[in-house]
Amino acid sequence: MWTIRSALLLPSLLSGVRGAAIEVPRPRSDYVSKIEIIRNPVYPLDVVDKLEEATMPKVDEWVAQKIAANTNNNCTLENAAVRREWSDLSEEQRIEYTTAVTCLMNLPPTVDTERFPGALSRYDDFVAFHMTHAMQLHDNFHLFGAHKYYVWLFEKALREECGYTGYQPYMNYDRYAEDPFNSPLLNGNASSLGGNGEPEPLYKGVPQPGRTPNIIKSNGGGGCVTKGPFSDMVVSLGPTSMSMGANVPKNPRSDGTGKNPRCLRRDVNRDATMGARADRAFHLLNNSANIDTFYNELLGTPPPKNDPYPWGIHTAGHYVAAVDPGGDPMTSPGDPLFYFHHTSLDRLWWIWQMQDPEARLNVVPNGGMPMPMGQRLAADPSNVTVDLEWLGPPIKLLEAHDQLGGNGGAFCYVYV
């Protein structure tokens, strides 16, 4: 049922790098949502928000089909969890989230600390897995499904071990793109995820070989975060040889798994955020007739031409504020912002799937334009298992494709 909705409407002509009119679908006038919709009236709905609204009748029909076939594993839209955008949460809800993350950082690790002496907390369990399995997590089979499961396990830990009553929020890049520094996500106040890092002159940015421009230039940060709920956070694992930071203390172990206590470093970066705006996401959703096109455009391959922000949404989101550990592809979950980015990617994937769930739910990219991490080819994706080892029990890959009844019904959530 609709409870709060912004009265502001996004102009039908959304300016962006493509500079063309965008035809935005409208929700069916007779459709009544089964999900409680809560919107921050400061932010007008963008084209992706509107597409998501227009998609909900399809979602409803899809769930009804699953219920009729008894394949929904007791998941319905009435009992589905709702993941919301950060700024749509109240300040109290935002603080509850960061308090839960801090709680996880203060719980003891469960991972083998002889193998990972730098793992100081339950939070580091997740960093340790990512840094030693990044190749697998980012191949064409696992980029979507394995990260869905990874983020869900993180959300589960927040709820079951730290008393969090909400669900993992996502970030709508478009809301913050013009001024991420003063956004409710990164402005450094008590209800944000913290602020920018102190200036670090040696930090120049993130090289982007093969693209023009060929670097996401520093926006003046790169040093320690001194404001917000994670200003006293202790980062320990990493850096690895893939770190993008400057003046970051070296890890005592060559693989980055040693104990290396240091501050959280960030460079809140407008150029990165601009590369993930709603016009780009809408183009991705509206012009990807198959999963290979969706996968390649998400990764920015081949690099777009005549584009001042040619990173691709996946890369852009990773560098919204990343230096250390977030700017290291191996240890990126060490910055809590990682979970907002991958939840945003999960949302985009879900919206794309739900345009035609019968055809799109279980498709896997072929890896024709692979990530640098690698690609896999297999005759039957249904035989692939996602094994996150100490984080959670193994599940079939295609179970991780279905957030409305997958994983035996444990996955049961929607985005608003």
# chains A, B, ... in the order shown; residues from 1 in each chain; ligands from 1
call {"tool": "residues_around", "arguments": {"residues": "A:Pro302", "least_positions_apart": "4", "cutoff": "10 Å", "atoms": "only C-alpha atoms", "output": "list in words"}}
result
Gly210, Arg211, Asn296, Glu297, Pro310, Gly312 and Met369 of chain A
call {"tool": "write_last_selection", "arguments": {"atoms": "N, CA and C atoms", "output": "PDB file, in the first residue's frame"}}
result
ATOM      1  N   GLY A 210      42.866   1.926 -21.164  1.00  0.00           N
ATOM      2  CA  GLY A 210      41.980   1.593 -22.272  1.00  0.00           C
ATOM      3  C   GLY A 210      40.767   2.498 -22.383  1.00  0.00           C
ATOM      4  N   ARG A 211      40.590   3.401 -21.414  1.00  0.00           N
ATOM      5  CA  ARG A 211      39.454   4.323 -21.446  1.00  0.00           C
ATOM      6  C   ARG A 211      39.962   5.755 -21.649  1.00  0.00           C
ATOM      7  N   ASN A 296      28.156  -6.961 -20.140  1.00  0.00           N
ATOM      8  CA  ASN A 296      29.221  -6.168 -20.745  1.00  0.00           C
ATOM      9  C   ASN A 296      29.031  -4.676 -20.500  1.00  0.00           C
ATOM     10  N   GLU A 297      27.803  -4.181 -20.647  1.00  0.00           N
ATOM     11  CA  GLU A 297      27.584  -2.751 -20.429  1.00  0.00           C
ATOM     12  C   GLU A 297      27.759  -2.378 -18.965  1.00  0.00           C
ATOM     13  N   PRO A 310      33.535   7.185 -18.505  1.00  0.00           N
ATOM     14  CA  PRO A 310      33.337   5.931 -19.243  1.00  0.00           C
ATOM     15  C   PRO A 310      33.679   4.676 -18.438  1.00  0.00           C
ATOM     16  N   GLY A 312      31.764   2.452 -16.650  1.00  0.00           N
ATOM     17  CA  GLY A 312      30.831   1.360 -16.429  1.00  0.00           C
ATOM     18  C   GLY A 312      30.325   1.426 -14.999  1.00  0.00           C
ATOM     19  N   MET A 369      33.047 -10.639 -22.913  1.00  0.00           N
ATOM     20  CA  MET A 369      33.860  -9.478 -22.546  1.00  0.00           C
ATOM     21  C   MET A 369      34.187  -9.621 -21.068  1.00  0.00           C
TER      22      MET A 369
END
call {"tool": "residues_around", "arguments": {"residues": "A:Asn172", "least_positions_apart": "2", "cutoff": "8 Å", "atoms": "only C-alpha atoms", "output": "list of chain:residue names"}}
result
A:Glu85, A:Trp86, A:Tyr170, A:Asp174, A:Arg175, A:Tyr176, A:Ser344
call {"tool": "closest_residue", "arguments": {"among": "A:Glu52, A:Asp124, A:Glu23, A:Asp30", "to": "A:Trp352", "atoms": "only C-alpha atoms"}}
result
A:Glu52
call {"tool": "closest_residue", "arguments": {"among": "A:Asp356, A:Asp387, A:Asp328, A:Asp60", "to": "A:Asn286", "atoms": "only C-alpha atoms"}}
result
A:Asp356
call {"tool": "closest_residue", "arguments": {"among": "A:Thr212, A:Thr98, A:Asn73, A:Ser332", "to": "A:Gly194", "atoms": "only C-alpha atoms"}}
result
A:Thr98
call {"tool": "residues_around", "arguments": {"residues": "A:Pro249", "least_positions_apart": "5", "cutoff": "9 Å", "atoms": "only C-alpha atoms", "output": "list of chain:residue names"}}
result
A:Pro239, A:Asn260, A:Pro261, A:Arg262
call {"tool": "write_last_selection", "arguments": {"atoms": "C-alpha atoms", "output": "JSON list (two decimals), in the first residue's frame"}}
result
[["chain", "number", "residue", "atom", "x", "y", "z"],
["A", 239, "PRO", "CA", 46.56, -3.85, 1.42],
["A", 260, "ASN", "CA", 48.05, -4.24, 9.77],
["A", 261, "PRO", "CA", 45.95, -1.82, 11.88],
["A", 262, "ARG", "CA", 45.31, 1.54, 10.23]]
call {"tool": "closest_residue", "arguments": {"among": "A:Lys250, A:Arg115, A:Arg347, A:Arg270", "to": "A:Arg83", "atoms": "only C-alpha atoms"}}
result
A:Arg347
call {"tool": "atom_distance", "arguments": {"atom1": "atom CA of A:Tyr150", "atom2": "atom CA of A:Phe411"}}
result
11.9 Å
call {"tool": "residues_around", "arguments": {"residues": "A:Ala281", "least_positions_apart": "6", "cutoff": "12 Å", "atoms": "only C-alpha atoms", "output": "ChimeraX atom specification"}}
result
/A:16-18,22,46-49,51-52,172-174,274-275,287-288,294,297-300,312-314,316-317,344-345,347-349,351-352
call {"tool": "write_last_selection", "arguments": {"atoms": "N, CA, C and O atoms", "output": "CSV table (one decimal), in the first residue's frame"}}
result
chain,number,residue,atom,x,y,z
A,16,GLY,N,21.8,13.8,-19.8
A,16,GLY,CA,22.9,12.9,-19.4
A,16,GLY,C,23.8,12.8,-20.6
A,16,GLY,O,23.7,13.5,-21.5
A,17,VAL,N,24.7,11.8,-20.5
A,17,VAL,CA,25.7,11.7,-21.5
A,17,VAL,C,25.2,11.4,-22.9
A,17,VAL,O,25.7,11.8,-23.9
A,18,ARG,N,24.0,10.8,-22.9
A,18,ARG,CA,23.4,10.5,-24.2
A,18,ARG,C,22.6,11.6,-24.7
A,18,ARG,O,22.2,11.7,-25.9
A,22,ILE,N,14.2,10.3,-22.8
A,22,ILE,CA,14.0,9.0,-22.3
A,22,ILE,C,12.5,8.7,-22.0
A,22,ILE,O,11.9,9.4,-21.2
A,46,ASP,N,13.7,9.0,-10.1
A,46,ASP,CA,14.4,9.0,-11.4
A,46,ASP,C,13.9,7.9,-12.3
A,46,ASP,O,12.9,7.2,-12.0
A,47,VAL,N,14.4,7.8,-13.5
A,47,VAL,CA,13.9,6.9,-14.5
A,47,VAL,C,13.9,5.5,-14.1
A,47,VAL,O,13.1,4.7,-14.5
A,48,VAL,N,15.0,5.1,-13.3
A,48,VAL,CA,15.1,3.7,-12.9
A,48,VAL,C,14.0,3.5,-11.8
A,48,VAL,O,13.4,2.4,-11.8
A,49,ASP,N,13.8,4.4,-10.9
A,49,ASP,CA,12.8,4.3,-9.9
A,49,ASP,C,11.4,4.1,-10.5
A,49,ASP,O,10.6,3.2,-10.1
A,51,LEU,N,10.9,2.9,-13.6
A,51,LEU,CA,10.8,1.6,-14.2
A,51,LEU,C,10.6,0.5,-13.2
A,51,LEU,O,9.8,-0.4,-13.5
A,52,GLU,N,11.2,0.7,-12.1
A,52,GLU,CA,10.9,-0.3,-11.0
A,52,GLU,C,9.5,-0.3,-10.6
A,52,GLU,O,8.9,-1.4,-10.4
A,172,ASN,N,21.3,4.8,-4.3
A,172,ASN,CA,20.9,5.3,-5.6
A,172,ASN,C,21.9,6.4,-6.0
A,172,ASN,O,21.9,7.5,-5.5
A,173,TYR,N,22.9,6.0,-6.9
A,173,TYR,CA,24.0,6.8,-7.2
A,173,TYR,C,23.5,8.2,-7.7
A,173,TYR,O,24.1,9.2,-7.5
A,174,ASP,N,22.4,8.2,-8.5
A,174,ASP,CA,21.9,9.4,-9.1
A,174,ASP,C,21.5,10.5,-8.1
A,174,ASP,O,21.7,11.7,-8.3
A,274,MET,N,29.3,10.1,-11.1
A,274,MET,CA,28.6,10.5,-12.3
A,274,MET,C,28.6,9.4,-13.3
A,274,MET,O,27.7,9.4,-14.2
A,275,GLY,N,29.5,8.4,-13.2
A,275,GLY,CA,29.5,7.3,-14.2
A,275,GLY,C,28.5,6.3,-13.9
A,275,GLY,O,28.4,5.2,-14.6
A,287,ASN,N,18.1,-1.5,-22.8
A,287,ASN,CA,18.7,-1.8,-24.1
A,287,ASN,C,19.5,-3.1,-24.1
A,287,ASN,O,20.3,-3.4,-25.0
A,288,SER,N,19.3,-3.9,-23.0
A,288,SER,CA,20.0,-5.2,-22.9
A,288,SER,C,19.1,-6.3,-23.1
A,288,SER,O,18.3,-6.7,-22.2
A,294,PHE,N,23.8,-7.1,-21.0
A,294,PHE,CA,23.7,-6.5,-19.7
A,294,PHE,C,25.0,-6.6,-19.0
A,294,PHE,O,25.5,-5.6,-18.4
A,297,GLU,N,27.8,-4.2,-20.6
A,297,GLU,CA,27.6,-2.8,-20.4
A,297,GLU,C,27.8,-2.4,-19.0
A,297,GLU,O,28.3,-1.3,-18.6
A,298,LEU,N,27.3,-3.3,-18.1
A,298,LEU,CA,27.5,-3.0,-16.6
A,298,LEU,C,29.0,-2.8,-16.3
A,298,LEU,O,29.4,-2.0,-15.5
A,299,LEU,N,29.9,-3.6,-17.0
A,299,LEU,CA,31.3,-3.5,-16.8
A,299,LEU,C,32.0,-2.5,-17.6
A,299,LEU,O,33.2,-2.3,-17.5
A,300,GLY,N,31.2,-1.8,-18.5
A,300,GLY,CA,31.8,-0.8,-19.3
A,300,GLY,C,32.7,-1.4,-20.4
A,300,GLY,O,33.8,-0.8,-20.8
A,312,GLY,N,31.8,2.5,-16.7
A,312,GLY,CA,30.8,1.4,-16.4
A,312,GLY,C,30.3,1.4,-15.0
A,312,GLY,O,31.0,1.8,-14.1
A,313,ILE,N,29.1,1.0,-14.8
A,313,ILE,CA,28.5,1.2,-13.5
A,313,ILE,C,29.2,0.4,-12.4
A,313,ILE,O,29.3,0.8,-11.3
A,314,HIS,N,29.6,-0.8,-12.7
A,314,HIS,CA,30.3,-1.6,-11.7
A,314,HIS,C,31.5,-0.9,-11.2
A,314,HIS,O,31.7,-0.8,-10.0
A,316,ALA,N,32.4,2.3,-11.6
A,316,ALA,CA,32.0,3.6,-11.0
A,316,ALA,C,31.6,3.5,-9.6
A,316,ALA,O,32.0,4.3,-8.7
A,317,GLY,N,30.7,2.5,-9.3
A,317,GLY,CA,30.2,2.4,-7.9
A,317,GLY,C,31.3,2.0,-6.9
A,317,GLY,O,31.2,2.4,-5.7
A,344,SER,N,23.1,-2.3,-4.8
A,344,SER,CA,22.6,-1.5,-5.9
A,344,SER,C,22.7,-2.3,-7.2
A,344,SER,O,21.8,-2.3,-8.0
A,345,LEU,N,23.8,-3.0,-7.4
A,345,LEU,CA,24.0,-3.8,-8.6
A,345,LEU,C,22.9,-5.0,-8.6
A,345,LEU,O,22.4,-5.3,-9.6
A,347,ARG,N,20.0,-4.9,-7.2
A,347,ARG,CA,18.7,-4.3,-7.6
A,347,ARG,C,18.6,-4.1,-9.1
A,347,ARG,O,17.6,-4.5,-9.7
A,348,LEU,N,19.7,-3.6,-9.8
A,348,LEU,CA,19.6,-3.5,-11.2
A,348,LEU,C,19.4,-4.8,-11.9
A,348,LEU,O,18.6,-4.9,-12.9
A,349,TRP,N,20.1,-5.8,-11.5
A,349,TRP,CA,20.0,-7.1,-12.0
A,349,TRP,C,18.6,-7.7,-11.9
A,349,TRP,O,18.0,-8.2,-12.8
A,351,ILE,N,15.7,-5.9,-11.4
A,351,ILE,CA,14.8,-5.2,-12.3
A,351,ILE,C,14.9,-5.7,-13.7
A,351,ILE,O,13.9,-5.9,-14.4
A,352,TRP,N,16.2,-5.9,-14.2
A,352,TRP,CA,16.4,-6.5,-15.6
A,352,TRP,C,15.7,-7.9,-15.7
A,352,TRP,O,15.0,-8.2,-16.6
call {"tool": "atom_distance", "arguments": {"atom1": "atom CA of A:Phe282", "atom2": "atom CA of A:Cys75"}}
result
28.0 Å
call {"tool": "closest_residue", "arguments": {"among": "A:Thr301, A:Thr132, A:Thr99, A:Thr315", "to": "A:Gly228", "atoms": "only C-alpha atoms"}}
result
A:Thr99
call {"tool": "closest_residue", "arguments": {"among": "A:His401, A:Lys156, A:Lys204, A:Arg28", "to": "A:Val363", "atoms": "only C-alpha atoms"}}
result
A:His401
call {"tool": "atom_distance", "arguments": {"atom1": "atom CA of A:Val24", "atom2": "atom CA of A:Pro41"}}
result
19.7 Å
call {"tool": "residues_around", "arguments": {"residues": "A:Met105", "least_positions_apart": "3", "cutoff": "9 Å", "atoms": "only C-alpha atoms", "output": "ChimeraX atom specification"}}
result
/A:100-102,108-109,120-124,233-234
call {"tool": "write_last_selection", "arguments": {"atoms": "N, CA and C atoms", "output": "compact mmCIF listing (two decimals), in the first residue's frame"}}
result
# COMPACT_ATOMS: atom_id res chain seq x y z
N ALA A 100 24.85 -1.42 14.01
CA ALA A 100 24.96 -2.87 13.82
C ALA A 100 26.27 -3.24 13.13
N VAL A 101 26.68 -2.45 12.13
CA VAL A 101 27.95 -2.71 11.46
C VAL A 101 29.10 -2.58 12.46
N THR A 102 29.05 -1.55 13.30
CA THR A 102 30.09 -1.37 14.32
C THR A 102 30.10 -2.54 15.28
N PRO A 108 34.21 -11.18 17.81
CA PRO A 108 35.42 -11.92 17.42
C PRO A 108 35.26 -12.61 16.08
N PRO A 109 36.35 -12.80 15.36
CA PRO A 109 36.27 -13.49 14.06
C PRO A 109 35.97 -14.97 14.24
N LEU A 120 40.47 -9.35 12.61
CA LEU A 120 40.28 -8.96 14.00
C LEU A 120 38.85 -9.08 14.48
N SER A 121 37.91 -9.32 13.55
CA SER A 121 36.50 -9.24 13.92
C SER A 121 35.64 -10.11 13.03
N ARG A 122 34.39 -10.25 13.43
CA ARG A 122 33.41 -10.95 12.60
C ARG A 122 33.25 -10.23 11.25
N TYR A 123 33.33 -8.92 11.27
CA TYR A 123 33.28 -8.14 10.03
C TYR A 123 34.39 -8.58 9.09
N ASP A 124 35.57 -8.83 9.65
CA ASP A 124 36.72 -9.22 8.83
C ASP A 124 36.57 -10.61 8.23
N MET A 233 37.28 3.57 12.97
CA MET A 233 37.34 2.19 12.48
C MET A 233 38.79 1.75 12.32
N VAL A 234 39.07 0.50 12.70
CA VAL A 234 40.40 -0.07 12.52
C VAL A 234 40.36 -1.05 11.35
call {"tool": "residues_around", "arguments": {"residues": "A:Thr226", "least_positions_apart": "2", "cutoff": "12 Å", "atoms": "only C-alpha atoms", "output": "compact mmCIF listing (two decimals) with C-alpha atoms, in the first residue's frame"}}
result
# COMPACT_ATOMS: atom_id res chain seq x y z
CA ASN A 187 28.42 13.95 4.49
CA GLY A 188 30.17 12.71 7.63
CA ASN A 189 27.37 13.30 10.12
CA ALA A 190 26.19 10.77 12.69
CA LEU A 193 28.38 6.26 6.43
CA GLY A 194 31.11 8.72 7.28
CA GLY A 195 32.74 11.42 5.22
CA ASN A 196 35.63 12.10 2.90
CA GLY A 197 39.22 11.35 3.76
CA GLU A 198 41.73 14.00 4.67
CA PRO A 199 43.75 15.36 1.73
CA GLY A 221 40.81 13.09 -0.46
CA GLY A 222 42.71 9.84 -0.10
CA GLY A 223 43.61 10.14 3.59
CA CYS A 224 41.99 9.06 6.84
CA GLY A 228 31.11 10.01 11.07
CA PRO A 229 30.44 6.61 12.60
CA PHE A 230 33.52 4.93 11.11
CA SER A 231 36.07 7.65 11.91
CA ASP A 232 37.69 5.39 14.51
CA MET A 233 37.34 2.19 12.48
CA CYS A 263 42.55 4.05 9.51
CA LEU A 264 39.79 3.91 6.91
CA ARG A 265 40.86 6.02 3.91
CA ARG A 266 38.52 7.51 1.31
call {"tool": "select_by_dssp", "arguments": {"residues": "stretch 81-153 of chain A", "states": "helix (DSSP H, G or I)", "output": "count of residues only"}}
result
47
call {"tool": "residues_around", "arguments": {"residues": "A:Pro180", "least_positions_apart": "5", "cutoff": "8 Å", "atoms": "only C-alpha atoms", "output": "list in words"}}
result
Leu185, Leu186, Asn187, Val268, Asn269, Arg270 and Thr273 of chain A
call {"tool": "select_by_dssp", "arguments": {"residues": "stretch 140-349 of chain A", "states": "strand (DSSP E)", "output": "NGL selection string"}}
result
:A and (197-199 or 205-207 or 215-217 or 222-225 or 265-266 or 322-324)
call {"tool": "write_last_selection", "arguments": {"atoms": "all heavy atoms", "output": "CSV table (one decimal), in the first residue's frame"}}
result
chain,number,residue,atom,x,y,z
A,197,GLY,N,37.9,11.4,3.1
A,197,GLY,CA,39.2,11.3,3.8
A,197,GLY,C,39.9,12.7,3.8
A,197,GLY,O,39.6,13.6,3.0
A,198,GLU,N,40.9,12.8,4.6
A,198,GLU,CA,41.7,14.0,4.7
A,198,GLU,C,42.5,14.1,3.4
A,198,GLU,O,42.8,13.1,2.7
A,198,GLU,CB,42.7,13.9,5.9
A,198,GLU,CG,42.0,14.1,7.2
A,198,GLU,CD,41.4,15.4,7.4
A,198,GLU,OE1,42.1,16.4,7.4
A,198,GLU,OE2,40.1,15.5,7.5
A,199,PRO,N,43.0,15.3,3.0
A,199,PRO,CA,43.7,15.4,1.7
A,199,PRO,C,45.0,14.5,1.8
A,199,PRO,O,45.7,14.6,2.8
A,199,PRO,CB,44.1,16.9,1.6
A,199,PRO,CG,43.0,17.5,2.4
A,199,PRO,CD,42.7,16.6,3.6
A,205,GLY,N,44.5,9.1,-7.9
A,205,GLY,CA,43.3,8.6,-8.5
A,205,GLY,C,43.4,7.1,-8.9
A,205,GLY,O,44.3,6.4,-8.5
A,206,VAL,N,42.4,6.7,-9.7
A,206,VAL,CA,42.4,5.2,-10.1
A,206,VAL,C,42.6,5.1,-11.6
A,206,VAL,O,41.8,5.6,-12.4
A,206,VAL,CB,41.0,4.6,-9.7
A,206,VAL,CG1,41.0,3.1,-10.0
A,206,VAL,CG2,40.6,4.9,-8.2
A,207,PRO,N,43.7,4.6,-12.0
A,207,PRO,CA,44.0,4.4,-13.4
A,207,PRO,C,42.9,3.6,-14.1
A,207,PRO,O,42.4,2.6,-13.6
A,207,PRO,CB,45.3,3.7,-13.5
A,207,PRO,CG,46.0,4.0,-12.2
A,207,PRO,CD,44.8,4.1,-11.2
A,215,ILE,N,41.8,7.8,-16.3
A,215,ILE,CA,41.9,7.8,-14.8
A,215,ILE,C,40.7,8.5,-14.2
A,215,ILE,O,40.1,9.4,-14.7
A,215,ILE,CB,43.2,8.6,-14.4
A,215,ILE,CG1,43.5,8.5,-12.9
A,215,ILE,CG2,43.1,10.1,-14.8
A,215,ILE,CD1,44.8,9.0,-12.4
A,216,ILE,N,40.3,7.9,-13.1
A,216,ILE,CA,39.3,8.6,-12.2
A,216,ILE,C,40.1,9.4,-11.3
A,216,ILE,O,40.7,8.9,-10.3
A,216,ILE,CB,38.4,7.6,-11.4
A,216,ILE,CG1,37.7,6.6,-12.4
A,216,ILE,CG2,37.4,8.3,-10.6
A,216,ILE,CD1,36.9,5.5,-11.7
A,217,LYS,N,40.2,10.7,-11.6
A,217,LYS,CA,41.1,11.6,-10.8
A,217,LYS,C,40.7,11.7,-9.4
A,217,LYS,O,39.5,11.7,-9.1
A,217,LYS,CB,41.2,12.9,-11.5
A,217,LYS,CG,41.9,12.9,-12.8
A,217,LYS,CD,41.9,14.3,-13.4
A,217,LYS,CE,42.6,14.4,-14.8
A,217,LYS,NZ,42.7,15.7,-15.4
A,222,GLY,N,41.7,10.9,-0.1
A,222,GLY,CA,42.7,9.8,-0.1
A,222,GLY,C,43.3,9.5,1.2
A,222,GLY,O,44.0,8.5,1.4
A,223,GLY,N,43.1,10.4,2.3
A,223,GLY,CA,43.6,10.1,3.6
A,223,GLY,C,42.6,9.6,4.5
A,223,GLY,O,41.5,9.1,4.1
A,224,CYS,N,42.8,9.7,5.8
A,224,CYS,CA,42.0,9.1,6.8
A,224,CYS,C,40.6,9.8,7.0
A,224,CYS,O,40.6,11.0,6.9
A,224,CYS,CB,42.7,9.1,8.2
A,224,CYS,SG,44.2,8.1,8.3
A,225,VAL,N,39.6,9.0,7.2
A,225,VAL,CA,38.3,9.5,7.4
A,225,VAL,C,38.2,9.9,8.9
A,225,VAL,O,38.6,9.2,9.8
A,225,VAL,CB,37.2,8.4,7.2
A,225,VAL,CG1,35.8,8.9,7.7
A,225,VAL,CG2,37.2,8.1,5.7
A,265,ARG,N,40.5,4.9,4.8
A,265,ARG,CA,40.9,6.0,3.9
A,265,ARG,C,39.9,6.1,2.8
A,265,ARG,O,39.5,5.1,2.2
A,265,ARG,CB,42.3,5.8,3.3
A,265,ARG,CG,43.4,6.0,4.3
A,265,ARG,CD,44.7,5.5,3.8
A,265,ARG,NE,45.9,6.0,4.5
A,265,ARG,CZ,46.3,5.4,5.6
A,265,ARG,NH1,45.7,4.3,6.1
A,265,ARG,NH2,47.4,5.9,6.3
A,266,ARG,N,39.5,7.3,2.4
A,266,ARG,CA,38.5,7.5,1.3
A,266,ARG,C,38.9,8.7,0.5
A,266,ARG,O,39.5,9.7,0.9
A,266,ARG,CB,37.1,7.7,1.9
A,266,ARG,CG,36.4,6.5,2.3
A,266,ARG,CD,35.0,6.8,2.9
A,266,ARG,NE,34.3,5.6,3.3
A,266,ARG,CZ,33.2,5.7,4.1
A,266,ARG,NH1,32.8,6.8,4.6
A,266,ARG,NH2,32.6,4.5,4.4
A,322,ALA,N,36.3,5.1,-2.7
A,322,ALA,CA,37.2,4.1,-2.3
A,322,ALA,C,38.7,4.5,-2.4
A,322,ALA,O,39.1,5.1,-3.4
A,322,ALA,CB,37.0,2.9,-3.2
A,323,VAL,N,39.5,4.3,-1.4
A,323,VAL,CA,40.9,4.4,-1.4
A,323,VAL,C,41.5,3.1,-0.7
A,323,VAL,O,42.0,2.2,-1.4
A,323,VAL,CB,41.5,5.6,-0.8
A,323,VAL,CG1,43.0,5.6,-0.8
A,323,VAL,CG2,41.0,6.9,-1.6
A,324,ASP,N,41.4,3.0,0.6
A,324,ASP,CA,41.8,1.9,1.4
A,324,ASP,C,40.9,1.6,2.6
A,324,ASP,O,40.7,2.5,3.3
A,324,ASP,CB,43.3,2.1,1.8
A,324,ASP,CG,43.8,0.9,2.7
A,324,ASP,OD1,43.9,-0.2,2.1
A,324,ASP,OD2,44.0,1.1,3.9
